[in-house]
Amino acid sequence: MGCRRTMREGCSLLDTGGWCSGLISGLAVDAPGTRKAWIRRKEKARDERDEEETRWKGSHVRPDPPLQGPAPPCFLHPVLCVTYSPAAGRVPCWKLAYADYIGFILTLNEGVKGKKLTFEYTVSEAIEKLVALLNTLDRWIDETPPVDQPSRFGNKAYRTWYAKLDQEAESLVATVVPTHLAAAVPEVAVYLKESVGNSTRIDYGTGHEAAFAAFLCCLCKIGVLRVDDQIAIVFKVFNRYLEVMRKLQKTYRMEPAGSQGVWGLDDFQFLPFIWGSSQLIDHPYLEPRHFVDEKAVNENHKDYMFLECILFITEMKTGPFAEHSNQLWNISAVPSWSKVNQGLIRMYKAECLEKFPVIQHFKFGSLLPIHPVTSS
């Protein structure tokens, strides 16, 4: 028998099925002397219900669960998440990962401000292991020489080199990550594999560079790299990464991915220009106008990433600098390195991190998550 709903009182779902049978009949009006009696009957019915439930459960009462420690973090295999939206070319939907990633870039930018590559800094065990990992990639290039082929660009030997990395990536990352964080290895290894170029197109660009920065960012988020490592991350690890990538580009004649030609900052890199310009802030005599001076570049490129990038460009390209690198030529007219640095950060956000052609290839997992947001 079900219960009737009255004007003043109503039955919960737990009171149906006979538990409150006959208890609230006639209580449409809360007359004096009847409400207290109804409350007593209600309490008595509740006690009887509790007794019956206990008898029904008997020995089936579930014991209290044992005390457990905090659950281990749940790592995910990063996947492509950004799809084309006809609304705009910008990508507003990776808010969480964007905040972590750009915060990581800016922290390193601040850490290397005014410092030469020869600046003395501490090198942790994790940094040494990362350099050893990159040395392994370098050695594999020597072991995989380019093959003879009709096409000048995109040597197919790169695919052989990449296949080896694809197979060994998790083993390489496991040498850097402590055993108690082994669950993070598959997720972090994806960013390493994404950071060396595309094996189908045999190209490399700023999106692949961003994947390596994401790889380092993930290592920071799980605690492998720490605050004390920030200078070494740029000067030792990232600088070694650049050397390996330049060797890849020259050995296998890799195509620039998504190059904007003379209207782009560089065919392959962006971050070393940001961190390199930060190095040069408040330099006693080197000004932005000097990086188009061959003598100044040759004398100082070993101390500053920015100038090392300029040297690599002049080695790879022929003709007047103003013609093959028009954006950099324009930047040389900026009066100070601090303004160059600020402008490059804004340009990186707008031209790389907020553009669909770049972020469509970026993979998201638990360490760098993506949650769609509605644009206002």
# chains A, B, ... in the order shown; residues from 1 in each chain; ligands from 1
>>> closest_atom_pairs(of="range 229-297 of chain A", to="range 105-129 of chain A", cutoff="6 Å", atoms="only C-alpha atoms", output="Markdown table")
| residue | atom | partner | partner_atom | distance |
| --- | --- | --- | --- | --- |
| A:Gln230 | CA | A:Leu108 | CA | 5.9 |
| A:Ile231 | CA | A:Val112 | CA | 6.0 |
| A:Phe235 | CA | A:Leu117 | CA | 5.8 |
| A:Trp275 | CA | A:Asn109 | CA | 5.2 |
| A:Ser278 | CA | A:Lys113 | CA | 4.7 |
| A:Gln279 | CA | A:Gly114 | CA | 4.3 |
| A:Leu280 | CA | A:Gly114 | CA | 5.5 |
| A:Ile281 | CA | A:Gly114 | CA | 5.4 |
>>> residues_around(residues="Phe212 in chain A", least_positions_apart="6", cutoff="12 Å", atoms="only C-alpha atoms", output="JSON, numbers by chain")
{"A": [101, 105, 130, 134, 188, 189, 190, 191, 192, 193, 194, 195, 196, 197, 205, 206, 218, 219, 233, 234, 237, 238, 239, 240, 241, 242, 245, 269, 271, 362, 363]}
>>> closest_residue(among="A:Phe270, A:Phe153, A:Trp337, A:Tyr162", to="Pro284 in chain A", atoms="only C-alpha atoms")
A:Trp337
>>> closest_residue(among="A:Gln360, A:Thr179, A:Ser171, A:Ser277", to="Ser338 in chain A", atoms="only C-alpha atoms")
A:Ser277
>>> closest_residue(among="A:Asp267, A:Pro150, A:Ser199, A:Phe104", to="Arg226 in chain A", atoms="only C-alpha atoms")
A:Phe104
>>> residues_around(residues="Leu328 in chain A", least_positions_apart="4", cutoff="8 Å", atoms="only C-alpha atoms", output="PyMOL selection string")
chain A and resi 265+322+332
>>> residues_around(residues="Glu308 in chain A", least_positions_apart="4", cutoff="9 Å", atoms="only C-alpha atoms", output="PyMOL selection string")
chain A and resi 272+276+297-298+300-304+312-313
>>> write_last_selection(atoms="C-alpha atoms", output="CSV table (one decimal), in the first residue's frame")
chain,number,residue,atom,x,y,z
A,272,PRO,CA,65.8,29.2,-28.6
A,276,GLY,CA,68.3,33.3,-26.3
A,297,VAL,CA,77.8,36.3,-34.5
A,298,ASN,CA,81.0,34.4,-35.0
A,300,ASN,CA,79.6,35.3,-29.5
A,301,HIS,CA,77.5,32.3,-30.8
A,302,LYS,CA,79.0,29.9,-28.3
A,303,ASP,CA,77.7,32.0,-25.4
A,304,TYR,CA,74.2,32.8,-26.7
A,312,PHE,CA,72.8,27.9,-38.3
A,313,ILE,CA,70.5,29.9,-40.6
>>> decode(residues="range 160-173 of chain A", atoms="all heavy atoms", output="PDB file, in the first residue's frame")
ATOM      1  N   THR A 160      63.945   4.727 -40.801  1.00  0.00           N
ATOM      2  CA  THR A 160      64.629   3.648 -40.086  1.00  0.00           C
ATOM      3  C   THR A 160      65.086   4.131 -38.719  1.00  0.00           C
ATOM      4  O   THR A 160      64.939   3.436 -37.700  1.00  0.00           O
ATOM      5  CB  THR A 160      65.841   3.149 -40.895  1.00  0.00           C
ATOM      6  OG1 THR A 160      65.405   2.758 -42.198  1.00  0.00           O
ATOM      7  CG2 THR A 160      66.526   1.988 -40.194  1.00  0.00           C
ATOM      8  N   TRP A 161      65.652   5.341 -38.694  1.00  0.00           N
ATOM      9  CA  TRP A 161      66.088   5.934 -37.434  1.00  0.00           C
ATOM     10  C   TRP A 161      64.891   6.132 -36.498  1.00  0.00           C
ATOM     11  O   TRP A 161      64.963   5.790 -35.303  1.00  0.00           O
ATOM     12  CB  TRP A 161      66.768   7.284 -37.709  1.00  0.00           C
ATOM     13  CG  TRP A 161      67.231   7.992 -36.474  1.00  0.00           C
ATOM     14  CD1 TRP A 161      68.451   7.885 -35.874  1.00  0.00           C
ATOM     15  CD2 TRP A 161      66.479   8.919 -35.673  1.00  0.00           C
ATOM     16  NE1 TRP A 161      68.507   8.688 -34.760  1.00  0.00           N
ATOM     17  CE2 TRP A 161      67.311   9.341 -34.620  1.00  0.00           C
ATOM     18  CE3 TRP A 161      65.188   9.442 -35.765  1.00  0.00           C
ATOM     19  CZ2 TRP A 161      66.890  10.234 -33.643  1.00  0.00           C
ATOM     20  CZ3 TRP A 161      64.752  10.340 -34.798  1.00  0.00           C
ATOM     21  CH2 TRP A 161      65.604  10.734 -33.749  1.00  0.00           C
ATOM     22  N   TYR A 162      63.801   6.646 -37.036  1.00  0.00           N
ATOM     23  CA  TYR A 162      62.618   6.913 -36.203  1.00  0.00           C
ATOM     24  C   TYR A 162      62.007   5.611 -35.688  1.00  0.00           C
ATOM     25  O   TYR A 162      61.526   5.552 -34.552  1.00  0.00           O
ATOM     26  CB  TYR A 162      61.569   7.697 -36.991  1.00  0.00           C
ATOM     27  CG  TYR A 162      60.375   8.075 -36.149  1.00  0.00           C
ATOM     28  CD1 TYR A 162      60.378   9.253 -35.407  1.00  0.00           C
ATOM     29  CD2 TYR A 162      59.255   7.248 -36.072  1.00  0.00           C
ATOM     30  CE1 TYR A 162      59.301   9.603 -34.623  1.00  0.00           C
ATOM     31  CE2 TYR A 162      58.172   7.582 -35.282  1.00  0.00           C
ATOM     32  CZ  TYR A 162      58.203   8.765 -34.561  1.00  0.00           C
ATOM     33  OH  TYR A 162      57.135   9.089 -33.757  1.00  0.00           O
ATOM     34  N   ALA A 163      62.011   4.561 -36.497  1.00  0.00           N
ATOM     35  CA  ALA A 163      61.449   3.272 -36.078  1.00  0.00           C
ATOM     36  C   ALA A 163      62.176   2.743 -34.840  1.00  0.00           C
ATOM     37  O   ALA A 163      61.566   2.140 -33.952  1.00  0.00           O
ATOM     38  CB  ALA A 163      61.525   2.267 -37.221  1.00  0.00           C
ATOM     39  N   LYS A 164      63.479   2.990 -34.801  1.00  0.00           N
ATOM     40  CA  LYS A 164      64.250   2.549 -33.638  1.00  0.00           C
ATOM     41  C   LYS A 164      63.842   3.333 -32.402  1.00  0.00           C
ATOM     42  O   LYS A 164      63.676   2.758 -31.312  1.00  0.00           O
ATOM     43  CB  LYS A 164      65.744   2.727 -33.910  1.00  0.00           C
ATOM     44  CG  LYS A 164      66.631   2.041 -32.878  1.00  0.00           C
ATOM     45  CD  LYS A 164      68.062   1.927 -33.369  1.00  0.00           C
ATOM     46  CE  LYS A 164      68.879   1.071 -32.421  1.00  0.00           C
ATOM     47  NZ  LYS A 164      70.263   0.868 -32.903  1.00  0.00           N
ATOM     48  N   LEU A 165      63.645   4.644 -32.552  1.00  0.00           N
ATOM     49  CA  LEU A 165      63.183   5.460 -31.429  1.00  0.00           C
ATOM     50  C   LEU A 165      61.788   5.030 -30.993  1.00  0.00           C
ATOM     51  O   LEU A 165      61.508   4.909 -29.796  1.00  0.00           O
ATOM     52  CB  LEU A 165      63.179   6.939 -31.810  1.00  0.00           C
ATOM     53  CG  LEU A 165      62.531   7.889 -30.782  1.00  0.00           C
ATOM     54  CD1 LEU A 165      63.278   7.824 -29.450  1.00  0.00           C
ATOM     55  CD2 LEU A 165      62.492   9.314 -31.314  1.00  0.00           C
ATOM     56  N   ASP A 166      60.921   4.796 -31.947  1.00  0.00           N
ATOM     57  CA  ASP A 166      59.555   4.385 -31.636  1.00  0.00           C
ATOM     58  C   ASP A 166      59.548   3.101 -30.812  1.00  0.00           C
ATOM     59  O   ASP A 166      58.736   2.940 -29.897  1.00  0.00           O
ATOM     60  CB  ASP A 166      58.776   4.194 -32.935  1.00  0.00           C
ATOM     61  CG  ASP A 166      57.300   3.968 -32.708  1.00  0.00           C
ATOM     62  OD1 ASP A 166      56.719   4.673 -31.854  1.00  0.00           O
ATOM     63  OD2 ASP A 166      56.719   3.078 -33.351  1.00  0.00           O
ATOM     64  N   GLN A 167      60.465   2.220 -31.096  1.00  0.00           N
ATOM     65  CA  GLN A 167      60.545   0.943 -30.399  1.00  0.00           C
ATOM     66  C   GLN A 167      61.199   1.087 -29.022  1.00  0.00           C
ATOM     67  O   GLN A 167      60.806   0.403 -28.067  1.00  0.00           O
ATOM     68  CB  GLN A 167      61.337  -0.056 -31.247  1.00  0.00           C
ATOM     69  CG  GLN A 167      61.426  -1.454 -30.650  1.00  0.00           C
ATOM     70  CD  GLN A 167      62.194  -2.414 -31.558  1.00  0.00           C
ATOM     71  OE1 GLN A 167      62.665  -2.021 -32.622  1.00  0.00           O
ATOM     72  NE2 GLN A 167      62.312  -3.653 -31.146  1.00  0.00           N
ATOM     73  N   GLU A 168      62.178   1.971 -28.912  1.00  0.00           N
ATOM     74  CA  GLU A 168      62.977   2.067 -27.686  1.00  0.00           C
ATOM     75  C   GLU A 168      62.606   3.247 -26.793  1.00  0.00           C
ATOM     76  O   GLU A 168      63.222   3.418 -25.730  1.00  0.00           O
ATOM     77  CB  GLU A 168      64.466   2.174 -28.059  1.00  0.00           C
ATOM     78  CG  GLU A 168      65.004   1.014 -28.868  1.00  0.00           C
ATOM     79  CD  GLU A 168      65.068  -0.265 -28.050  1.00  0.00           C
ATOM     80  OE1 GLU A 168      65.159  -0.168 -26.817  1.00  0.00           O
ATOM     81  OE2 GLU A 168      65.017  -1.355 -28.648  1.00  0.00           O
ATOM     82  N   ALA A 169      61.636   4.065 -27.187  1.00  0.00           N
ATOM     83  CA  ALA A 169      61.349   5.307 -26.457  1.00  0.00           C
ATOM     84  C   ALA A 169      61.051   5.072 -24.979  1.00  0.00           C
ATOM     85  O   ALA A 169      61.582   5.767 -24.105  1.00  0.00           O
ATOM     86  CB  ALA A 169      60.186   6.044 -27.123  1.00  0.00           C
ATOM     87  N   GLU A 170      60.197   4.105 -24.687  1.00  0.00           N
ATOM     88  CA  GLU A 170      59.836   3.865 -23.288  1.00  0.00           C
ATOM     89  C   GLU A 170      61.033   3.374 -22.481  1.00  0.00           C
ATOM     90  O   GLU A 170      61.191   3.737 -21.308  1.00  0.00           O
ATOM     91  CB  GLU A 170      58.678   2.876 -23.206  1.00  0.00           C
ATOM     92  CG  GLU A 170      57.354   3.459 -23.715  1.00  0.00           C
ATOM     93  CD  GLU A 170      56.165   2.569 -23.422  1.00  0.00           C
ATOM     94  OE1 GLU A 170      56.291   1.653 -22.577  1.00  0.00           O
ATOM     95  OE2 GLU A 170      55.100   2.787 -24.035  1.00  0.00           O
ATOM     96  N   SER A 171      61.874   2.581 -23.094  1.00  0.00           N
ATOM     97  CA  SER A 171      63.081   2.120 -22.400  1.00  0.00           C
ATOM     98  C   SER A 171      64.012   3.289 -22.115  1.00  0.00           C
ATOM     99  O   SER A 171      64.623   3.364 -21.033  1.00  0.00           O
ATOM    100  CB  SER A 171      63.807   1.064 -23.243  1.00  0.00           C
ATOM    101  OG  SER A 171      62.988  -0.064 -23.457  1.00  0.00           O
ATOM    102  N   LEU A 172      64.129   4.209 -23.060  1.00  0.00           N
ATOM    103  CA  LEU A 172      64.977   5.386 -22.861  1.00  0.00           C
ATOM    104  C   LEU A 172      64.437   6.269 -21.733  1.00  0.00           C
ATOM    105  O   LEU A 172      65.193   6.730 -20.872  1.00  0.00           O
ATOM    106  CB  LEU A 172      65.065   6.194 -24.159  1.00  0.00           C
ATOM    107  CG  LEU A 172      65.855   5.579 -25.309  1.00  0.00           C
ATOM    108  CD1 LEU A 172      65.705   6.424 -26.567  1.00  0.00           C
ATOM    109  CD2 LEU A 172      67.323   5.438 -24.953  1.00  0.00           C
ATOM    110  N   VAL A 173      63.129   6.509 -21.742  1.00  0.00           N
ATOM    111  CA  VAL A 173      62.526   7.355 -20.709  1.00  0.00           C
ATOM    112  C   VAL A 173      62.626   6.680 -19.346  1.00  0.00           C
ATOM    113  O   VAL A 173      62.802   7.348 -18.317  1.00  0.00           O
ATOM    114  CB  VAL A 173      61.064   7.669 -21.068  1.00  0.00           C
ATOM    115  CG1 VAL A 173      60.373   8.440 -19.933  1.00  0.00           C
ATOM    116  CG2 VAL A 173      61.000   8.488 -22.359  1.00  0.00           C
TER     117      VAL A 173
END
